[in-house]
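The structure appears below as C-alpha cells.
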Amino acid sequence: MNALPSAPAIATTCPYCGVGCGVKATPDGQGGALIAGDQAHPANLGRLCSKGAALGETLDRDTRLLHPMMRGADGTLARTHWNDALDRIAEQFRAIRAAHGPQAVAFYLSGQLLSEDYYAANKLAKGFLGTANVDTNSRLCMASSVAGHKRAFGSDTVPGCYEDLDAADLIILTGANSAWCHPVLFRRMVAARAARGTRLVVIDPRRTATGDEADLFLPIAHGTDAALFSGLLVHLADTGALDQDYIDAHTEGFAETLAQARAATPDRAATAAATGLEPEAVAEFFALFRATPRVVTCYSQGVNQSAVGTDKVNAILNCHLASGRIGKPGMGPFSLTGQPNAMGGREVGGLANQLAAHMGFSPAEVDRVRRFWDAPAIATAEGLKAVEMFDAIARGEIKALWVMGTNPAVSLPQAGEVRAALAKLDLFVLSENVVGNDTAACAPHVLLPAAAWGEKDGTVTNSERRISRQRAFLALPGAVRPDWWALAQVAARLGHGRAFAWQGPADIFREHAALSGFENGGTRDFDISGLATLSDADYESLAPVQWPVPQGTREGRARLFADGGFFTPNRRARFRAPLPTAPAPRADYPFLLNTGRVRDQWHTMTRTGLSPRLAGHVKAPFVGVHPADACALGLEEGALARVSSAHGTAVLEVRIDAGQPIGTLFAPIHWSDANASHGVVGALVHKRTDPHSGQPDLKATPATLAPVPVRGRGYLLARSLPQLPLPEGTWWARARLEGGFGWRLAGAAEPQDWAAWVERLGLPVDRAELMDLPGGQYRTAAFDAAGRLVFALLMGPPDAPQAWDALAGLLGDEAVSPEDRRILLSGRRAGARGACGPLVCSCFGVPRGAITEAIAAGDRDAAAIGARLKAGTNCGSCLPELRQILQEVLVPA
C-alpha cells in the first residue's frame, strides 16, 4: 500500500458513527497516515473521539483481502482473477433469476458504504435485476427513526442541525449513551451547558457515562419511553403549553392522539406508574420541558432498537409538534444516526421499502424512477427487510445473496441461524476488505476485495443531513477495487453496460443528484439537484453541505418545518398515537438482555480491533449485572457467566454495575469468533421486530444468567498468533497490543496441561518456567536471541489477579531488562512502569496508574489531571471514568 504521489493533508470524513467528523489525513509514505481533526468541518470543528483519533493505527495491510477469491468444487477458496469472479457472479445471477424469478436474488448492504456504492447496488438490484430484496445493516439501527419520521412528516427528514445543540437551553437525551457513542456531539452539549447554562436530561434504563453527567437522570423502565412522552403531551395540553396556532395551521390528528394519550397516561402519577419513575422526577421533567422554549430531544438506539421503536419516535415528535418546538434555532427532535452513511444509504434507496431519492413503491414513483433509469424490469413492490430476508434464505426462497461491507454472521439477531442460512445459498458473494471475519468464514462462493477507508472516494451523509466527501489518500493495494466498479462490471456482463458506464464516483453522484430533482417540484424532501452539474473538479473540492440543495443553488438549508411545509399529501404533519407497552421477562428467562456499544470499539471490530490503544479500555466481552443480581447468583467481578436465551449462549466476564437495573443485563455487540471463543451476543438476541419499521428489538431479549466455574485463569502475550488450538474447553478473548497480541484465558486445564501445550509450540530455547501444582500455577516466558519477549503465559487459580497491563509493554522492540526479567513471572515490572493499570484515556494513552499518581501528587480535579496528562482533553469520553477515579481515591471508603 503506497501513498498517492505528492499527497498533502487530505480532507476526508471519519468512517465511524453518524456524527460525520471531518478528518485531515497526511500520508506518511509507508502505507499509513497521520490523523487530525479538520477544524474547518462544521460537524466537529477539529475535535475527534478516541476512535477517530486512532484511525492511523487501523491502516493495517496484514488483515486485508487483496485479491478476488473463488470457491472451487473441492470447497476451498483460491485466488482468482477479477474477470473470472465477475463472470461467475453474472452467470449465476442470470441463471437463478431465470429459474426462480427476480425475488430469488438479494443484496445485504452496509452503512459503511459510500453513497455512490450504495446507489450502484440499488440501481442494479431494483432497477435491472428487478428485485427489491435489498436491505442494509441500517435496518438494525435507524429504521424506526425513518418510519417515525415518515409517519409524522411524510418524509425521512431530520429537521434540525448540530448548531441547535449550541443554542438549546434544554437538551434531552433518551436511549442515547452519547458520552460514549457520539462523544464529539456530547462534548458540544456539555460546552453549551458551560456557556449558557443548558440543562441536560438523560432518560435511560441504565445509568451510563452520559447519565453521570446529567442534571436530571430518569432511570426509565425498559420500553416505556412512549408512555413518558405521551404523559408529557397530556401535561402540555393541561397546562396551556400547546402552540395551538402551529397545530391548527400545520398538523392533523391532534385531538385523537391527545385523547389516546390521556387514556393511557392521564396525569403525572399515571405516567410515573407506567414508566417506573418517581412522581417527583416526572414532575421535574415535565416542568423543565414546559418552561423551556429552546428544547432539543436527541434519541438513538435505545429508542430505535425496540419492538415499539416507531411508536417511541412518534411520541417524541408529537411533543415537539404540539408545542411548535421544531425547525427553529435550539428546538427540535434530533435522531442521532448510528453509522457514517446510514442516511446516505437511505437517500439512494438502501432499504427494502424504498426506491432511490427518498421515493417509495407507489405506481407513480416506480414509473418515475423506471423512466429516469430506463429500467423496464424495475421492481414494483417492497422487498424483504433484513430479518425477513435471512428467514427467506433459510427457507430456500432466496438463492443468491451479495453481502457488501457488513458482518451479518455476528450482527443480526439469532446469528447462529443466519450462519446456517448462508450455507444454503446457491450463490453467496461477499465484498470485504478483511480476510478474517465471521461472515467470510461462512463459505462464500466468491470473495471480492473491496476498498477500505483511506482508499474509498465518494460521499457520506451525517445525522444533520450534511453531505461530506470521503477522499482517498492511499492507493488501492493489490487487486482491490471500489464496490461501485464491481457492481458496474456485473451489470455490464448482464447486458446493462450503458446504464452503468460511469468513469468514476463523480459520474454516479451527478446521476444521483439529478434523480433527486427529477419531477420533484418541492414535493419530496430530498433534493440535491443543485449539485447535479458539478464538474469533476467541483466534486473533488465539494465542501460539506446540508440538503436540500435545490436546482439553481449550491447552498444547503440547516432547518426545516418551522413554518410547516411537510411532505404529506396535504402538507400537514400527522400526530400518531403510540401504543405504550413494556417488555416482560419470561419465568424461564428472568432477565432482560440489553445490547449496545462500548466507548472505544465499533461494530464487529474489524477496524477498531487493529488499534492497541482502543483495545486497552475493554479487553474482553462482558455482561453488566446489578450488584443484587450478582450476589444472588454468587457472581464476583471478573468471573465468567453464561448468558443464555432461547436462541443461543455466550460466556462473558462479569462486570458488577450499580447503574444496571435489577433484573436486566447489558452486553456489548463487538466480539465475534474472530476475537473471542464465546462472545457473539447476536446469537442470543431474539428476532422480534417493530411491525412498522422491521427493526429488531435488540434491547430486551429474555435471558438467563449462571456462573461458569473454572479451575484456572490467566493471560497470554505473544508477538504472533500461536498456531495450535488452545487446550480443550478454554475460554479466551484476544486483543491487539503494541508489538503483538494478548489473550485473556480461563478454563479447566491444569498447570501440566498448559505446560504440555507450550511444549508443542516450539518456542525459543531461552525460556523461563514456573510450575506450582498445589497452587494451580503455571508461568512461562520465552525470549528471542536479541533478548526480546516473544511469549509469556501466566496461569493461576481463579481468584488470582489477571491483569496483563504491566507486562504488555515488554512486547516492544527492546530487550527485556535484567530487572524486569527477574520478576516477569510474577506479573510485575520494575519501577514505576509496573503501576500502569488499565487504560482510561485512549486518545492520549493514559492508564489508571498515571492518574492515581497525579492525584497523589496533588491534582484534585479533572482539569488539573488534564493539564498534567492530557487525559480527558480531546473527546472527553473518559471524563466520567476519570471523575470516578478521583472520587474513589479522594473519598475514603
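Scheme for the C-alpha cells: letters A, B, ... for chains in order shown; per-chain residue numbers from 1; ligand numbers from 1 in order shown.
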
Task: strand (DSSP E) call set, DSSP backbone run, segment 636-741 of chain A, as a PyMOL selection string - done: chain A and resi 640-644+649-656+664-668+701-707+712-718+731-737+740-741

Task: Residues within 9 Å of Lys456 of chain A, only C-alpha atoms, excluding chain neighbours under 4 positions, as a ChimeraX atom specification - done: /A:114,451-452,470-474,476,482

TODO: Do a neighbour search on Gly504 of chain A at 12 Å with only C-alpha atoms, toss out local chain neighbours closer than 4 positions, and write the hits as a list in words.
DONE: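 So the residues in contact are Glu116, Asp117, Ala120, Lys456, Asp457, Gly458, Arg481, Pro482, Asp483, Trp484, Trp485, Ala488, Phe500, Ile508, Phe509, Arg510, Glu511, Asp536, Tyr539 and Glu540 of chain A.
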
- [ ] DSSP on the backbone, then: every residue of segment 739-818 of chain A marked alpha helix (DSSP H), written as a list in words.
- [x] Pro751, Gln752, Asp753, Trp754, Ala755, Ala756, Trp757, Val758, Glu759, Arg760, Asp805, Ala806, Leu807, Ala808 and Pro818 of chain A

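For the pair atom CA of Leu824 of chain A and atom CA of Arg779 of chain A, the separation is 9.5 Å.
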
Tell me, as an mmCIF file with C-alpha atoms, in the first residue's frame, which residues lie within 10 Å of His41 of chain A, counting only C-alpha atoms; anything in the same chain fewer than 4 positions away does not count.
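Done, and the output landed in result-v5.cif:
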data_model
loop_
_atom_site.group_PDB
_atom_site.id
_atom_site.type_symbol
_atom_site.label_atom_id
_atom_site.label_comp_id
_atom_site.auth_asym_id
_atom_site.auth_seq_id
_atom_site.Cartn_x
_atom_site.Cartn_y
_atom_site.Cartn_z
ATOM 1 C CA ALA A 11 -9.638 16.448 3.945
ATOM 2 C CA THR A 12 -11.883 13.425 4.394
ATOM 3 C CA THR A 13 -14.591 12.119 6.733
ATOM 4 C CA GLY A 20 -19.640 12.696 10.349
ATOM 5 C CA CYS A 21 -16.490 14.306 11.713
ATOM 6 C CA GLY A 22 -14.069 15.915 9.317
ATOM 7 C CA VAL A 23 -10.585 14.373 9.294
ATOM 8 C CA LYS A 24 -7.265 15.598 7.941
ATOM 9 C CA GLY A 37 -9.430 16.626 13.200
ATOM 10 C CA LEU A 45 -14.671 21.800 14.253
ATOM 11 C CA GLY A 46 -11.464 19.803 14.661
ATOM 12 C CA ARG A 47 -12.446 17.538 17.546
ATOM 13 C CA SER A 468 -19.329 15.325 3.013
ATOM 14 C CA ALA A 543 -17.363 21.365 0.769
ATOM 15 C CA PRO A 544 -19.727 19.823 3.353
#

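For segment 139-156 of chain A, the list of residues within 6 Å, based on only C-alpha atoms and with local chain neighbours fewer than 5 positions off taken out, reads Asn304, Gly309, Thr310, Val313, Asn314, Phe566, Phe567, Thr568, Ala573, Arg574, Ser693 and Gln695 of chain A.
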
For the residues selected in the previous step, produce a file with C-alpha atoms as an mmCIF file, in the first residue's frame.
data_model
loop_
_atom_site.group_PDB
_atom_site.id
_atom_site.type_symbol
_atom_site.label_atom_id
_atom_site.label_comp_id
_atom_site.auth_asym_id
_atom_site.auth_seq_id
_atom_site.Cartn_x
_atom_site.Cartn_y
_atom_site.Cartn_z
ATOM 1 C CA ASN A 304 -34.939 2.709 17.781
ATOM 2 C CA GLY A 309 -39.418 1.834 18.328
ATOM 3 C CA THR A 310 -41.551 3.651 15.775
ATOM 4 C CA VAL A 313 -40.194 8.092 17.909
ATOM 5 C CA ASN A 314 -43.708 9.352 17.186
ATOM 6 C CA PHE A 566 -44.299 18.891 5.477
ATOM 7 C CA PHE A 567 -44.186 16.227 2.786
ATOM 8 C CA THR A 568 -47.511 14.515 3.387
ATOM 9 C CA ALA A 573 -47.673 16.827 9.858
ATOM 10 C CA ARG A 574 -49.549 13.888 11.334
ATOM 11 C CA SER A 693 -40.044 -0.424 10.720
ATOM 12 C CA GLN A 695 -36.146 -3.035 13.163
#

Open item on the list: Residues near Leu55 of chain A, anyone? I mean within 9 Å using only C-alpha atoms, not counting same-chain ones fewer than 4 positions away, as a list in words.
Closed with: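 Listed by chain and then number, they are Cys14, Ala33, Leu34, Ile35, Ser50, Lys51, Leu59, Arg607, Thr608 and Ser611 of chain A.
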
Task: Point-to-point distance from atom CA of His496 of chain A to atom CA of Ala375 of chain A, Å rounded to tenths - done: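 Distance between the two atoms: 9.4 Å.
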